[in-house]
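J.: Here you go, this is run05.csv (CSV, C-alpha atoms and all ligand atoms).
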chain,number,residue,atom,x,y,z
A,1,MET,CA,130.4,118.0,109.9
A,2,THR,CA,128.6,119.9,112.7
A,3,ILE,CA,125.5,118.8,114.5
A,4,SER,CA,123.5,121.6,112.8
A,5,GLU,CA,124.6,120.4,109.4
A,6,THR,CA,123.4,116.9,110.1
A,7,THR,CA,120.1,117.8,111.7
A,8,LYS,CA,118.9,121.0,110.1
A,9,ASP,CA,116.6,119.4,107.7
A,10,PRO,CA,116.2,115.7,108.4
A,11,SER,CA,114.0,115.1,105.4
A,12,THR,CA,116.6,116.1,102.9
A,13,ALA,CA,118.2,112.6,102.9
A,14,LEU,CA,114.8,111.0,102.0
A,15,GLY,CA,114.6,111.7,98.3
A,16,GLY,CA,116.3,108.5,97.4
A,17,VAL,CA,117.7,105.5,99.3
A,18,PRO,CA,119.4,106.8,102.5
A,19,THR,CA,123.0,105.7,103.4
A,20,VAL,CA,123.7,103.9,106.6
A,21,GLU,CA,127.0,103.5,108.3
A,22,TYR,CA,126.1,100.2,109.9
A,23,THR,CA,123.1,97.9,109.8
A,24,ILE,CA,121.9,94.6,111.2
A,25,PRO,CA,124.7,92.0,111.4
A,26,GLY,CA,124.4,89.6,108.4
A,27,MET,CA,122.8,92.2,106.2
A,28,ALA,CA,124.6,94.2,103.5
A,29,PRO,CA,124.5,98.0,104.1
A,30,ASP,CA,122.8,98.7,100.8
A,31,ALA,CA,120.1,96.2,101.7
A,32,GLY,CA,119.7,97.8,105.1
A,33,ALA,CA,119.4,101.2,103.5
A,34,GLN,CA,116.7,100.0,101.1
A,35,VAL,CA,114.7,98.5,104.1
A,36,VAL,CA,115.2,101.8,106.0
A,37,LYS,CA,113.6,103.7,103.0
A,38,ASN,CA,110.6,101.3,103.1
A,39,LEU,CA,110.2,101.7,106.8
A,40,GLN,CA,110.4,105.5,106.6
A,41,GLU,CA,107.6,105.4,104.1
A,42,ARG,CA,105.5,103.2,106.5
A,43,LEU,CA,106.3,105.6,109.4
A,44,THR,CA,105.1,108.6,107.3
A,45,ALA,CA,101.9,106.8,106.4
A,46,LEU,CA,101.2,105.6,109.9
A,47,THR,CA,101.8,109.0,111.5
A,48,ASP,CA,99.4,110.5,108.9
A,49,LEU,CA,96.9,107.8,109.7
A,50,HIS,CA,96.8,108.1,113.5
A,51,LEU,CA,96.5,111.9,113.2
A,52,THR,CA,93.7,111.5,110.7
A,53,LEU,CA,91.9,109.0,112.9
A,54,LYS,CA,92.0,111.5,115.8
A,55,HIS,CA,90.7,114.2,113.5
A,56,VAL,CA,87.7,112.0,112.6
A,57,HIS,CA,87.3,111.0,116.3
A,58,TRP,CA,86.8,114.8,117.0
A,59,ASN,CA,84.7,115.7,114.0
A,60,VAL,CA,82.1,112.9,113.7
A,61,VAL,CA,78.5,114.1,114.5
A,62,GLY,CA,75.0,112.6,114.3
A,63,PRO,CA,73.5,109.2,114.8
A,64,ASN,CA,75.9,106.5,116.1
A,65,PHE,CA,78.3,109.3,117.3
A,66,ILE,CA,79.4,107.6,120.4
A,67,GLY,CA,80.0,104.2,118.7
A,68,VAL,CA,82.2,105.6,116.0
A,69,HIS,CA,83.9,108.1,118.3
A,70,GLU,CA,84.9,105.4,120.7
A,71,MET,CA,85.7,102.8,118.0
A,72,LEU,CA,88.5,105.1,116.7
A,73,ASP,CA,90.6,105.6,119.8
A,74,PRO,CA,91.9,102.0,120.0
A,75,GLN,CA,92.8,102.3,116.4
A,76,VAL,CA,94.7,105.5,117.1
A,77,ASP,CA,96.6,103.8,119.9
A,78,ALA,CA,97.4,100.7,117.8
A,79,VAL,CA,98.6,102.8,114.8
A,80,ARG,CA,100.8,104.9,117.1
A,81,GLU,CA,102.4,101.7,118.4
A,82,MET,CA,103.0,100.6,114.8
A,83,ALA,CA,104.7,103.9,114.0
A,84,ASP,CA,106.9,103.6,117.0
A,85,ALA,CA,107.9,100.1,115.9
A,86,CYS,CA,108.8,101.3,112.4
A,87,ALA,CA,110.8,104.2,113.8
A,88,GLU,CA,112.7,102.1,116.3
A,89,ARG,CA,113.4,99.5,113.6
A,90,ILE,CA,114.9,102.3,111.4
A,91,ALA,CA,117.2,103.3,114.3
A,92,ALA,CA,118.2,99.6,115.0
A,93,MET,CA,119.1,99.3,111.3
A,94,GLY,CA,121.5,102.3,111.4
A,95,GLY,CA,119.0,104.8,110.0
A,96,SER,CA,117.5,108.0,111.4
A,97,PRO,CA,113.7,108.0,111.6
A,98,VAL,CA,112.1,111.2,110.6
A,99,GLY,CA,109.0,112.1,112.5
A,100,THR,CA,108.6,115.9,112.2
A,101,PRO,CA,105.4,117.3,110.8
A,102,GLY,CA,107.0,119.4,108.1
A,103,ALA,CA,108.9,116.3,106.8
A,104,LEU,CA,105.8,114.3,106.8
A,105,VAL,CA,104.0,116.8,104.6
A,106,ARG,CA,107.0,116.9,102.2
A,107,GLN,CA,107.3,113.2,102.0
A,108,ARG,CA,103.8,112.1,101.6
A,109,THR,CA,102.3,111.5,98.1
A,110,TRP,CA,98.7,112.1,99.1
A,111,ASP,CA,96.7,115.2,100.1
A,112,ASP,CA,95.5,116.0,103.6
A,113,TYR,CA,92.3,114.3,104.7
A,114,SER,CA,89.7,116.6,103.3
A,115,ILE,CA,86.6,116.4,105.5
A,116,GLY,CA,85.8,118.4,108.6
A,117,ARG,CA,82.7,118.2,110.8
A,118,ALA,CA,80.4,115.6,109.1
A,119,GLY,CA,78.1,112.6,109.8
A,120,THR,CA,79.5,109.3,111.0
A,121,THR,CA,78.6,107.6,107.7
A,122,GLU,CA,80.3,110.3,105.6
A,123,HIS,CA,83.5,110.0,107.7
A,124,LEU,CA,83.4,106.2,107.6
A,125,GLY,CA,83.0,106.3,103.8
A,126,ALA,CA,86.1,108.6,103.5
A,127,LEU,CA,88.0,106.4,106.0
A,128,ASP,CA,87.3,103.4,103.8
A,129,LEU,CA,89.4,105.1,101.1
A,130,VAL,CA,92.1,106.1,103.6
A,131,TYR,CA,92.5,102.5,104.7
A,132,GLN,CA,92.5,101.2,101.2
A,133,GLY,CA,95.5,103.4,100.4
A,134,VAL,CA,97.4,102.5,103.6
A,135,ILE,CA,96.8,98.8,103.3
A,136,SER,CA,97.7,98.6,99.6
A,137,ASP,CA,101.0,100.4,100.2
A,138,TYR,CA,101.7,98.0,103.1
A,139,ARG,CA,101.2,95.0,100.8
A,140,ALA,CA,103.7,96.6,98.4
A,141,ALA,CA,106.2,97.2,101.2
A,142,ILE,CA,105.9,93.6,102.4
A,143,GLU,CA,106.6,92.5,98.9
A,144,SER,CA,109.6,94.9,98.6
A,145,VAL,CA,111.3,94.0,101.8
A,146,GLY,CA,110.5,90.3,101.7
A,147,ASP,CA,113.8,89.1,100.1
A,148,LEU,CA,115.9,91.6,102.0
A,149,ASP,CA,114.9,91.3,105.6
A,150,PRO,CA,112.4,88.7,106.8
A,151,ILE,CA,112.4,90.3,110.3
A,152,THR,CA,111.0,93.6,109.0
A,153,GLU,CA,108.7,91.7,106.7
A,154,ASP,CA,107.3,89.8,109.7
A,155,MET,CA,106.7,93.1,111.6
A,156,LEU,CA,104.9,94.6,108.6
A,157,ILE,CA,102.7,91.5,108.2
A,158,ASP,CA,101.7,91.9,111.9
A,159,HIS,CA,100.8,95.5,111.3
A,160,SER,CA,98.8,94.6,108.3
A,161,THR,CA,96.8,92.0,110.2
A,162,ASP,CA,95.5,94.8,112.5
A,163,LEU,CA,95.2,97.4,109.8
A,164,GLU,CA,93.0,95.1,107.7
A,165,GLN,CA,90.9,94.3,110.7
A,166,PHE,CA,90.4,98.0,111.4
A,167,HIS,CA,89.4,98.5,107.8
A,168,TRP,CA,86.8,95.8,108.2
A,169,PHE,CA,85.4,97.6,111.3
A,170,VAL,CA,85.0,100.7,109.1
A,171,ARG,CA,83.5,98.9,106.1
A,172,ALA,CA,81.1,96.8,108.2
A,173,HIS,CA,79.3,100.1,108.9
A,174,LEU,CA,78.9,100.8,105.2
A,175,GLU,CA,77.9,97.3,104.2
A,176,ASN,CA,74.4,96.0,103.5
A,177,ALA,CA,73.0,92.5,104.0
A,178,GLY,CA,74.0,91.7,100.4
A,179,GLY,CA,77.6,92.4,101.2
A,180,GLN,CA,77.8,95.6,99.1
A,181,VAL,CA,79.8,98.5,100.5
A,182,SER,CA,78.2,101.9,99.9
A,183,SER,CA,81.5,103.7,99.3
A,184,ALA,CA,82.8,101.1,96.8
A,185,GLY,CA,84.3,102.5,93.6
A,186,ALA,CA,84.8,106.0,94.9
A,187,THR,CA,88.0,107.7,93.9
A,188,SER,CA,88.1,110.5,96.4
A,189,GLU,CA,87.3,110.9,100.1
A,190,VAL,CA,84.6,113.5,99.2
A,191,GLN,CA,83.0,111.1,96.7
A,192,ALA,CA,83.2,108.2,99.1
A,193,ALA,CA,81.6,110.3,101.9
A,194,GLN,CA,78.8,111.5,99.5
A,195,GLN,CA,78.1,107.9,98.2
A,196,ALA,CA,77.9,106.6,101.8
A,197,GLY,CA,75.7,109.5,102.9
A,198,GLU,CA,73.3,109.0,100.0
A,199,SER,CA,73.1,105.3,100.6
A,200,ARG,CA,72.2,105.8,104.3
A,201,ASN,CA,69.5,108.3,103.2
A,202,GLY,CA,68.1,105.8,100.7
A,203,LEU,CA,68.8,108.1,97.7
B,301,FE,FE,88.9,111.7,122.7
Can the structure from this file be put into structure tokens for me?
T.:
Amino acid sequence: MTISETTKDPSTALGGVPTVEYTIPGMAPDAGAQVVKNLQERLTALTDLHLTLKHVHWNVVGPNFIGVHEMLDPQVDAVREMADACAERIAAMGGSPVGTPGALVRQRTWDDYSIGRAGTTEHLGALDLVYQGVISDYRAAIESVGDLDPITEDMLIDHSTDLEQFHWFVRAHLENAGGQVSSAGATSEVQAAQQAGESRNGL
């Protein structure tokens, strides 16, 4: 097999469970391959998330601009670190991490973030939904790898601790003194943004 045959389209091996020639000592190769698949899904979600957070960082406008704009950069940096950790864990387990933009779009099961220039409240409402998706999928991944690889499980739990805190930072902007979040119950980013904006305006 030539190098071009193995690297021409790195996402083609991602439809099912990838094969690995070796994995962590003490782990069966098929267990390693299953964990690699889970880690690749986390890598895709995290790459999408840190790009989306930067997009919001650039596109927020209106009151509270600087607070929200500056709140997002540390989240971008932390999520990039998480993506790097997942990718390097894939490599350590004998897999090949896929981080190209085209592969990301082919692998993901959600649409691109749908809001451009908009108010801080609208973007935070939409980000509430984004974080709900990422965090729910992290919980499922932790459950999935728990019996196969406690080391990966531990890493994903660490990531979740930070992701869940970042989600709180977002929701705290949308919460009233009664503990109600203005974007609650929305099923799309546009709906969440609209609900949050209307709540801010007292509609
Ligand atoms: Fe910036």
J.: Give me, please, the distance in Å between atom FE of ligand FE 301 (chain B) and CA of Ala118 in chain A, quoted to one decimal.
T.: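 Atom-to-atom, atom FE of ligand FE 301 (chain B) and CA of Ala118 in chain A are spaced 16.5 Å apart.
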J.: Could you give me, as JSON, numbers by chain, the residues within 9 Å of Leu72 in chain A, counting all atoms listed in the file and dropping anything in the same chain fewer than 2 positions from it?
T.: {"A": [53, 54, 56, 57, 67, 68, 69, 70, 74, 75, 76, 77]}
J.: Considering only C-alpha atoms, state which residue in the set A:Ser199, A:Ile151, A:Glu189, A:Arg139 is at the smallest distance from Leu174 in chain A.
T.: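 For Leu174 in chain A, the nearest of the given residues is A:Ser199.
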J.: Return the single residue from A:Leu156, A:Val181, A:Ala45, A:Val36 that is closest to Pro101 in chain A, with distances computed using all atoms listed in the file.
T.: A:Ala45
J.: Let me make sure I understand: among A:Ala31, A:Ile66, A:Leu43, A:Leu148, which one has the smallest atom-to-atom distance to ligand FE 301 (chain B) if we use all atoms listed in the file?
T.: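 Smallest separation from ligand FE 301 (chain B) among the options: A:Ile66.
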J.: So what do you get for CA of Gly197 in chain A versus CA of Asp162 in chain A, distance-wise?
T.: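 Separation between CA of Gly197 in chain A and CA of Asp162 in chain A: 26.5 Å.
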J.: For range 124-136 of chain A, find every residue with an atom within 6 Å (counting all atoms listed in the file), except residues of its own chain fewer than 2 positions away, and show them as a list in words.
T.: Thr121, Glu122, Tyr138, Arg139, His167, Val170, Ser183, Glu189, Ala192, Ala193 and Ala196 of chain A
J.: List as a ChimeraX atom specification the protein and nucleic acid residues near Glu153 in chain A, meaning an atom at most 10 Å away when all atoms listed in the file are counted, but skip any in the same chain fewer than 4 places from it.
T.: /A:35,141-149,157-159
J.: From the list A:Ala140, A:Val60, A:Met82, A:Ala33, which residue is nearest ligand FE 301 (chain B) when using all atoms listed in the file?
T.: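 For ligand FE 301 (chain B), the nearest of the given residues is A:Val60.
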J.: Tell me which of A:Ile115, A:Ala85, A:Met71, A:Val98 sits closest to ligand FE 301 (chain B), counting all atoms listed in the file.
T.: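 Among the listed residues, A:Met71 lies closest to ligand FE 301 (chain B).
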J.: Between A:Asp48, A:Trp110, A:Ala78, A:His55, which has the minimum distance to ligand FE 301 (chain B) (counting only C-alpha atoms and all ligand atoms)?
T.: A:His55
J.: If I take CA of Thr44 in chain A and CA of Ala83 in chain A, how far is one from the other in Å, to one decimal?
T.: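 For CA of Thr44 in chain A relative to CA of Ala83 in chain A, the distance reads 8.2 Å.
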J.: Since the input is missing atoms for range 38-56 of chain A, could you rebuild it with N, CA and C atoms and give the result as a tab-separated table (two decimals), keeping the file's coordinate frame?
T.:
chain	number	residue	atom	x	y	z
A	38	ASN	N	112.00	101.88	102.98
A	38	ASN	CA	110.60	101.30	103.10
A	38	ASN	C	109.99	101.61	104.40
A	39	LEU	N	110.79	101.46	105.46
A	39	LEU	CA	110.20	101.70	106.80
A	39	LEU	C	109.89	103.17	107.02
A	40	GLN	N	110.70	104.07	106.46
A	40	GLN	CA	110.40	105.50	106.60
A	40	GLN	C	109.06	105.83	105.90
A	41	GLU	N	108.83	105.20	104.75
A	41	GLU	CA	107.60	105.40	104.10
A	41	GLU	C	106.39	104.90	104.90
A	42	ARG	N	106.58	103.77	105.56
A	42	ARG	CA	105.50	103.20	106.50
A	42	ARG	C	105.33	104.18	107.65
A	43	LEU	N	106.44	104.68	108.22
A	43	LEU	CA	106.30	105.60	109.40
A	43	LEU	C	105.55	106.85	108.98
A	44	THR	N	105.81	107.39	107.81
A	44	THR	CA	105.10	108.60	107.30
A	44	THR	C	103.60	108.27	107.19
A	45	ALA	N	103.28	107.14	106.58
A	45	ALA	CA	101.90	106.80	106.40
A	45	ALA	C	101.16	106.54	107.70
A	46	LEU	N	101.84	105.89	108.64
A	46	LEU	CA	101.20	105.60	109.90
A	46	LEU	C	101.00	106.84	110.76
A	47	THR	N	101.96	107.75	110.72
A	47	THR	CA	101.80	109.00	111.50
A	47	THR	C	100.63	109.80	110.90
A	48	ASP	N	100.56	109.86	109.59
A	48	ASP	CA	99.40	110.50	108.90
A	48	ASP	C	98.12	109.87	109.32
A	49	LEU	N	98.12	108.53	109.37
A	49	LEU	CA	96.90	107.80	109.70
A	49	LEU	C	96.43	108.03	111.11
A	50	HIS	N	97.35	107.97	112.10
A	50	HIS	CA	96.80	108.10	113.50
A	50	HIS	C	96.38	109.55	113.73
A	51	LEU	N	97.01	110.53	113.07
A	51	LEU	CA	96.50	111.90	113.20
A	51	LEU	C	95.16	112.08	112.55
A	52	THR	N	94.99	111.45	111.40
A	52	THR	CA	93.70	111.50	110.70
A	52	THR	C	92.59	110.84	111.48
A	53	LEU	N	92.91	109.70	112.07
A	53	LEU	CA	91.90	109.00	112.90
A	53	LEU	C	91.45	109.84	114.05
A	54	LYS	N	92.39	110.56	114.69
A	54	LYS	CA	92.00	111.50	115.80
A	54	LYS	C	91.15	112.60	115.29
A	55	HIS	N	91.52	113.14	114.12
A	55	HIS	CA	90.70	114.20	113.50
A	55	HIS	C	89.27	113.75	113.32
A	56	VAL	N	89.10	112.53	112.84
A	56	VAL	CA	87.70	112.00	112.60
A	56	VAL	C	87.06	111.78	113.98
